[in-house]
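Working notes for the structure below.
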Amino acid sequence: MPGARSEEERERARREREARRAGRDGDGDGDGDGLFVPERVHRPRGPRTRVGPNVMARRVVALLLLAVVVVAAWFLISLFQPFTGSGSGRVTVTVPRGASVGQIGDILARDGVVSHSFFFELRARLGGHSGDLKPGVYQLERGMSYSAALDALTKGVAPNVVRIVIPEGKSRREIAALAGGLRGSYLAASARSPYLNPRRYGARHARNLEGFLFPASYQLKKGASARLLVREQLQAFRQNFSKVNLSYARKKNLTAYDVLTIASMVEREAEVPRDRPLIASVIYNRLHDHMPLGIDSTLRYALNDWTKPLRVSQLASPSPYNTRNHVGLPPGPIGNPGLASIRAAAHPPRTKYLFFVVKPCGNGAHVFSSTNAQFLRDSARYNAARQKRGGRSPATCK
């Protein structure tokens, strides 16, 4: 019959139907011509975990509490200093009469005795010691705890202590007059000492320790020796001189001893702080130009006369300390300079100044000039003002 399928075609169609049925039923074992199609398994999803506002708030509060605990711990450690001792390295501290506890804290913090002025003041007030701190000159330690510093200042300076105040720039002979209450000769004690070798500072021909005897306030027990004062001065010198940068001076072929010599002249000539570096620059410029320094304080040192007018015969002295007649530096320092003058001498500003003279009514200030003509005009003004005052210095006018 046209279009009728053969027996083979019908059999093949039957097998295909059975195979499709087996695949739909999903219970076939994969044999024969049938295809096994696994059923897709759908697993139910669980609910998503979301952080609610209450949980976030609790976390923020916990972090804030942790920060408060850390800050409080830092504050208490800073205030009570459980890991800080009595300090090391002596430092002279002057507590003025009438100073408030806050001002005393500032002084101690500035000098490195305590770490913070605020915490020192707070400890004093919490302990009820704000009105118990006594004035005086103390020998304290650097890096002391607040309690140790408070103990020292509430006890006050011991009554059996001698206070010796040495101004900046004074010579050995002048200091000897201030140290008269000590046992032994100060001049002999300051001639040489095992605590400092001047040769280490470039002083090949130093006759004594002039220049190294640091000016400050010192406290010694009654009956102490002059050698003890010299040892304290040399220790203070080493501590302070270590802060000075000598690189600029060394580039000018100057030794540490040369810097001390220049500083001692600066100390004698300068009356106001701002003049120190300018006077040092004049000395540097004159040394560079091979000009005599012309600083009369060097001759006064040799004569041991700091007050009387110099006579013409004295100005013609052949002494190596007469810097009117000799080019270069004097043989050594003419006194014992402080830190400010040492720093000025180690690195003065670059100027063209070659002259300076006292400024009339300048309250100790000088006027500086780079030419001889200007210097002569400045000198004429000074001499006219001096003559007007009957020969008295016109440096200070009311």
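Going through the structure tokens in order, the chains are called A, B, and so on, while each chain numbers its residues from 1 and the ligands are numbered from 1 in the order shown.
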Open item on the list: If you run DSSP on the backbone here, which positions in stretch 207-361 of chain A get strand (DSSP E or B)? Please write them as a PyMOL selection string.
Closed with: chain A and resi 217-221+225+292+327+355-358
TODO: Do a neighbour search on A:Val272 at 10 Å with only C-alpha atoms, toss out local chain neighbours closer than 4 positions, and write the hits as a list of chain:residue names.
DONE: A:Glu267, A:Arg276, A:Gly362, A:Asn363, A:Gly364, A:Ala365, A:His366
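If you measure from each of A:Leu354, A:Ala384, A:Ser171, A:Gly131 to A:Ser297 using only C-alpha atoms, the closest one turns out to be A:Ser171.
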Task: Counting only C-alpha atoms, the residue of A:Asp258, A:Glu269, A:Glu8, A:Asp111 that sits nearest A:Glu141 - done: A:Asp111
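The list of residues with at least one atom within 10 Å of A:Ser190, based on only C-alpha atoms and without residues fewer than 3 positions apart in the same chain, reads Arg172, Arg173, Ala176, Ser185, Tyr186, Leu187, Ser193, Asn208, Leu209, Glu210, Phe212, Leu213, Ala226, Arg227, Leu229, Val230, Arg231, Gln233 and Leu234 of chain A.
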Write the residues of the selection above to a file with C-alpha atoms, as a JSON list (two decimals), in the first residue's frame.
```json
[["chain", "number", "residue", "atom", "x", "y", "z"],
["A", 172, "ARG", "CA", 89.54, 82.34, 86.10],
["A", 173, "ARG", "CA", 90.80, 85.15, 88.30],
["A", 176, "ALA", "CA", 88.34, 82.76, 92.06],
["A", 185, "SER", "CA", 92.77, 77.55, 95.77],
["A", 186, "TYR", "CA", 90.49, 77.90, 92.77],
["A", 187, "LEU", "CA", 93.36, 79.16, 90.58],
["A", 193, "SER", "CA", 92.35, 68.68, 85.83],
["A", 208, "ASN", "CA", 95.31, 76.44, 82.13],
["A", 209, "LEU", "CA", 91.62, 75.59, 81.78],
["A", 210, "GLU", "CA", 90.51, 79.09, 80.81],
["A", 212, "PHE", "CA", 86.47, 75.40, 79.68],
["A", 213, "LEU", "CA", 85.11, 76.53, 83.08],
["A", 226, "ALA", "CA", 87.51, 74.28, 94.77],
["A", 227, "ARG", "CA", 88.47, 71.17, 92.81],
["A", 229, "LEU", "CA", 83.60, 73.17, 91.62],
["A", 230, "VAL", "CA", 86.07, 72.85, 88.75],
["A", 231, "ARG", "CA", 84.93, 69.28, 88.14],
["A", 233, "GLN", "CA", 82.20, 73.21, 85.59],
["A", 234, "LEU", "CA", 84.11, 70.87, 83.28]]
```
Give me, as JSON lines, each residue of stretch 250-285 of chain A that comes within 8 Å of stretch 323-344 of chain A, together with its shortest interatomic pair and the distance in Å at one decimal, counting only C-alpha atoms, with rows ordered by chain and rising residue number.
```
{"residue": "A:Tyr257", "atom": "CA", "partner": "A:Gly332", "partner_atom": "CA", "distance": 7.5}
{"residue": "A:Asp258", "atom": "CA", "partner": "A:Gly332", "partner_atom": "CA", "distance": 7.5}
{"residue": "A:Val259", "atom": "CA", "partner": "A:Ile342", "partner_atom": "CA", "distance": 6.8}
{"residue": "A:Leu260", "atom": "CA", "partner": "A:Pro333", "partner_atom": "CA", "distance": 6.2}
{"residue": "A:Thr261", "atom": "CA", "partner": "A:Pro333", "partner_atom": "CA", "distance": 3.9}
{"residue": "A:Ile262", "atom": "CA", "partner": "A:Pro333", "partner_atom": "CA", "distance": 7.3}
{"residue": "A:Ala263", "atom": "CA", "partner": "A:Ile342", "partner_atom": "CA", "distance": 4.9}
{"residue": "A:Ser264", "atom": "CA", "partner": "A:Pro337", "partner_atom": "CA", "distance": 5.0}
{"residue": "A:Met265", "atom": "CA", "partner": "A:Ile334", "partner_atom": "CA", "distance": 6.8}
{"residue": "A:Val266", "atom": "CA", "partner": "A:Ser341", "partner_atom": "CA", "distance": 6.3}
{"residue": "A:Glu267", "atom": "CA", "partner": "A:Pro337", "partner_atom": "CA", "distance": 5.9}
{"residue": "A:Arg276", "atom": "CA", "partner": "A:Ala344", "partner_atom": "CA", "distance": 6.1}
{"residue": "A:Pro277", "atom": "CA", "partner": "A:Ala344", "partner_atom": "CA", "distance": 4.6}
{"residue": "A:Ala280", "atom": "CA", "partner": "A:Ala344", "partner_atom": "CA", "distance": 6.4}
```
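You can rank A:Tyr146, A:Tyr201, A:Tyr195, A:Tyr248 by their closest distance to A:Phe118 using only C-alpha atoms, and at the top of that list sits A:Tyr146.
Among the candidates A:Leu153, A:Ala236, A:Ala256, A:Leu63, the residue lying nearest to A:Pro135 is A:Leu153 (atoms considered: only C-alpha atoms).
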Compile the contact shell of A:Tyr138 as a PDB file with all heavy atoms, in the first residue's frame: residues with an atom at most 9 Å away, counting only C-alpha atoms, same-chain residues fewer than 4 positions apart removed.
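Okay, selection-v9.pdb is ready:
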```pdb
ATOM      1  N   VAL A  91      71.618  68.279  86.203  1.00  0.00           N
ATOM      2  CA  VAL A  91      71.294  69.547  85.561  1.00  0.00           C
ATOM      3  C   VAL A  91      70.948  70.551  86.656  1.00  0.00           C
ATOM      4  O   VAL A  91      70.299  70.210  87.649  1.00  0.00           O
ATOM      5  CB  VAL A  91      70.113  69.393  84.560  1.00  0.00           C
ATOM      6  CG1 VAL A  91      68.887  68.840  85.247  1.00  0.00           C
ATOM      7  CG2 VAL A  91      69.797  70.714  83.893  1.00  0.00           C
ATOM      8  N   THR A  92      71.442  71.778  86.487  1.00  0.00           N
ATOM      9  CA  THR A  92      71.174  72.832  87.460  1.00  0.00           C
ATOM     10  C   THR A  92      69.902  73.562  87.066  1.00  0.00           C
ATOM     11  O   THR A  92      69.778  74.039  85.933  1.00  0.00           O
ATOM     12  CB  THR A  92      72.350  73.823  87.523  1.00  0.00           C
ATOM     13  OG1 THR A  92      73.543  73.118  87.860  1.00  0.00           O
ATOM     14  CG2 THR A  92      72.092  74.906  88.562  1.00  0.00           C
ATOM     15  N   VAL A  93      68.962  73.641  87.980  1.00  0.00           N
ATOM     16  CA  VAL A  93      67.663  74.267  87.715  1.00  0.00           C
ATOM     17  C   VAL A  93      67.417  75.336  88.774  1.00  0.00           C
ATOM     18  O   VAL A  93      67.576  75.085  89.971  1.00  0.00           O
ATOM     19  CB  VAL A  93      66.516  73.226  87.757  1.00  0.00           C
ATOM     20  CG1 VAL A  93      65.171  73.907  87.570  1.00  0.00           C
ATOM     21  CG2 VAL A  93      66.731  72.166  86.693  1.00  0.00           C
ATOM     22  N   THR A  94      67.030  76.518  88.309  1.00  0.00           N
ATOM     23  CA  THR A  94      66.705  77.611  89.212  1.00  0.00           C
ATOM     24  C   THR A  94      65.195  77.813  89.247  1.00  0.00           C
ATOM     25  O   THR A  94      64.579  78.072  88.214  1.00  0.00           O
ATOM     26  CB  THR A  94      67.393  78.914  88.767  1.00  0.00           C
ATOM     27  OG1 THR A  94      68.808  78.710  88.749  1.00  0.00           O
ATOM     28  CG2 THR A  94      67.064  80.061  89.720  1.00  0.00           C
ATOM     29  N   VAL A  95      64.622  77.687  90.425  1.00  0.00           N
ATOM     30  CA  VAL A  95      63.186  77.928  90.622  1.00  0.00           C
ATOM     31  C   VAL A  95      63.036  79.313  91.235  1.00  0.00           C
ATOM     32  O   VAL A  95      63.429  79.528  92.388  1.00  0.00           O
ATOM     33  CB  VAL A  95      62.560  76.864  91.538  1.00  0.00           C
ATOM     34  CG1 VAL A  95      61.096  77.181  91.803  1.00  0.00           C
ATOM     35  CG2 VAL A  95      62.707  75.478  90.921  1.00  0.00           C
ATOM     36  N   ALA A 152      61.868  66.460  95.600  1.00  0.00           N
ATOM     37  CA  ALA A 152      63.035  67.337  95.703  1.00  0.00           C
ATOM     38  C   ALA A 152      62.625  68.786  95.939  1.00  0.00           C
ATOM     39  O   ALA A 152      63.227  69.493  96.758  1.00  0.00           O
ATOM     40  CB  ALA A 152      63.882  67.222  94.439  1.00  0.00           C
ATOM     41  N   LEU A 153      61.577  69.236  95.233  1.00  0.00           N
ATOM     42  CA  LEU A 153      61.188  70.638  95.323  1.00  0.00           C
ATOM     43  C   LEU A 153      60.388  70.940  96.585  1.00  0.00           C
ATOM     44  O   LEU A 153      60.353  72.092  97.031  1.00  0.00           O
ATOM     45  CB  LEU A 153      60.394  71.058  94.087  1.00  0.00           C
ATOM     46  CG  LEU A 153      61.238  71.639  92.935  1.00  0.00           C
ATOM     47  CD1 LEU A 153      62.242  70.624  92.427  1.00  0.00           C
ATOM     48  CD2 LEU A 153      60.357  72.112  91.792  1.00  0.00           C
ATOM     49  N   GLY A 156      63.084  71.312  99.305  1.00  0.00           N
ATOM     50  CA  GLY A 156      63.837  72.551  99.196  1.00  0.00           C
ATOM     51  C   GLY A 156      65.334  72.312  99.184  1.00  0.00           C
ATOM     52  O   GLY A 156      65.819  71.184  99.326  1.00  0.00           O
ATOM     53  N   VAL A 157      66.083  73.394  99.014  1.00  0.00           N
ATOM     54  CA  VAL A 157      67.537  73.313  98.988  1.00  0.00           C
ATOM     55  C   VAL A 157      68.041  73.085 100.411  1.00  0.00           C
ATOM     56  O   VAL A 157      67.589  73.730 101.355  1.00  0.00           O
ATOM     57  CB  VAL A 157      68.142  74.609  98.408  1.00  0.00           C
ATOM     58  CG1 VAL A 157      69.661  74.538  98.390  1.00  0.00           C
ATOM     59  CG2 VAL A 157      67.600  74.856  97.002  1.00  0.00           C
ATOM     60  N   TYR A 218      75.944  76.908  90.582  1.00  0.00           N
ATOM     61  CA  TYR A 218      76.360  75.630  91.140  1.00  0.00           C
ATOM     62  C   TYR A 218      76.028  75.585  92.631  1.00  0.00           C
ATOM     63  O   TYR A 218      76.164  76.594  93.338  1.00  0.00           O
ATOM     64  CB  TYR A 218      77.859  75.402  90.930  1.00  0.00           C
ATOM     65  CG  TYR A 218      78.248  75.315  89.472  1.00  0.00           C
ATOM     66  CD1 TYR A 218      78.645  76.454  88.769  1.00  0.00           C
ATOM     67  CD2 TYR A 218      78.187  74.105  88.795  1.00  0.00           C
ATOM     68  CE1 TYR A 218      78.985  76.378  87.428  1.00  0.00           C
ATOM     69  CE2 TYR A 218      78.532  74.021  87.452  1.00  0.00           C
ATOM     70  CZ  TYR A 218      78.921  75.160  86.774  1.00  0.00           C
ATOM     71  OH  TYR A 218      79.252  75.081  85.439  1.00  0.00           O
ATOM     72  N   GLN A 219      75.632  74.413  93.097  1.00  0.00           N
ATOM     73  CA  GLN A 219      75.355  74.199  94.510  1.00  0.00           C
ATOM     74  C   GLN A 219      76.305  73.142  95.046  1.00  0.00           C
ATOM     75  O   GLN A 219      76.356  72.025  94.532  1.00  0.00           O
ATOM     76  CB  GLN A 219      73.911  73.748  94.719  1.00  0.00           C
ATOM     77  CG  GLN A 219      72.909  74.865  94.560  1.00  0.00           C
ATOM     78  CD  GLN A 219      71.524  74.431  95.020  1.00  0.00           C
ATOM     79  OE1 GLN A 219      70.791  75.208  95.603  1.00  0.00           O
ATOM     80  NE2 GLN A 219      71.148  73.209  94.757  1.00  0.00           N
TER      81      GLN A 219
END
```
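The shortest atom-to-atom distance to A:Pro215, with only C-alpha atoms taken into account, belongs to A:Lys170 out of A:Lys170, A:Arg286, A:Arg14, A:Lys251.
Taking only C-alpha atoms into account, A:Glu174 lies nearest to A:Asp305 out of the set A:His290, A:Leu108, A:Asp305, A:Glu18.
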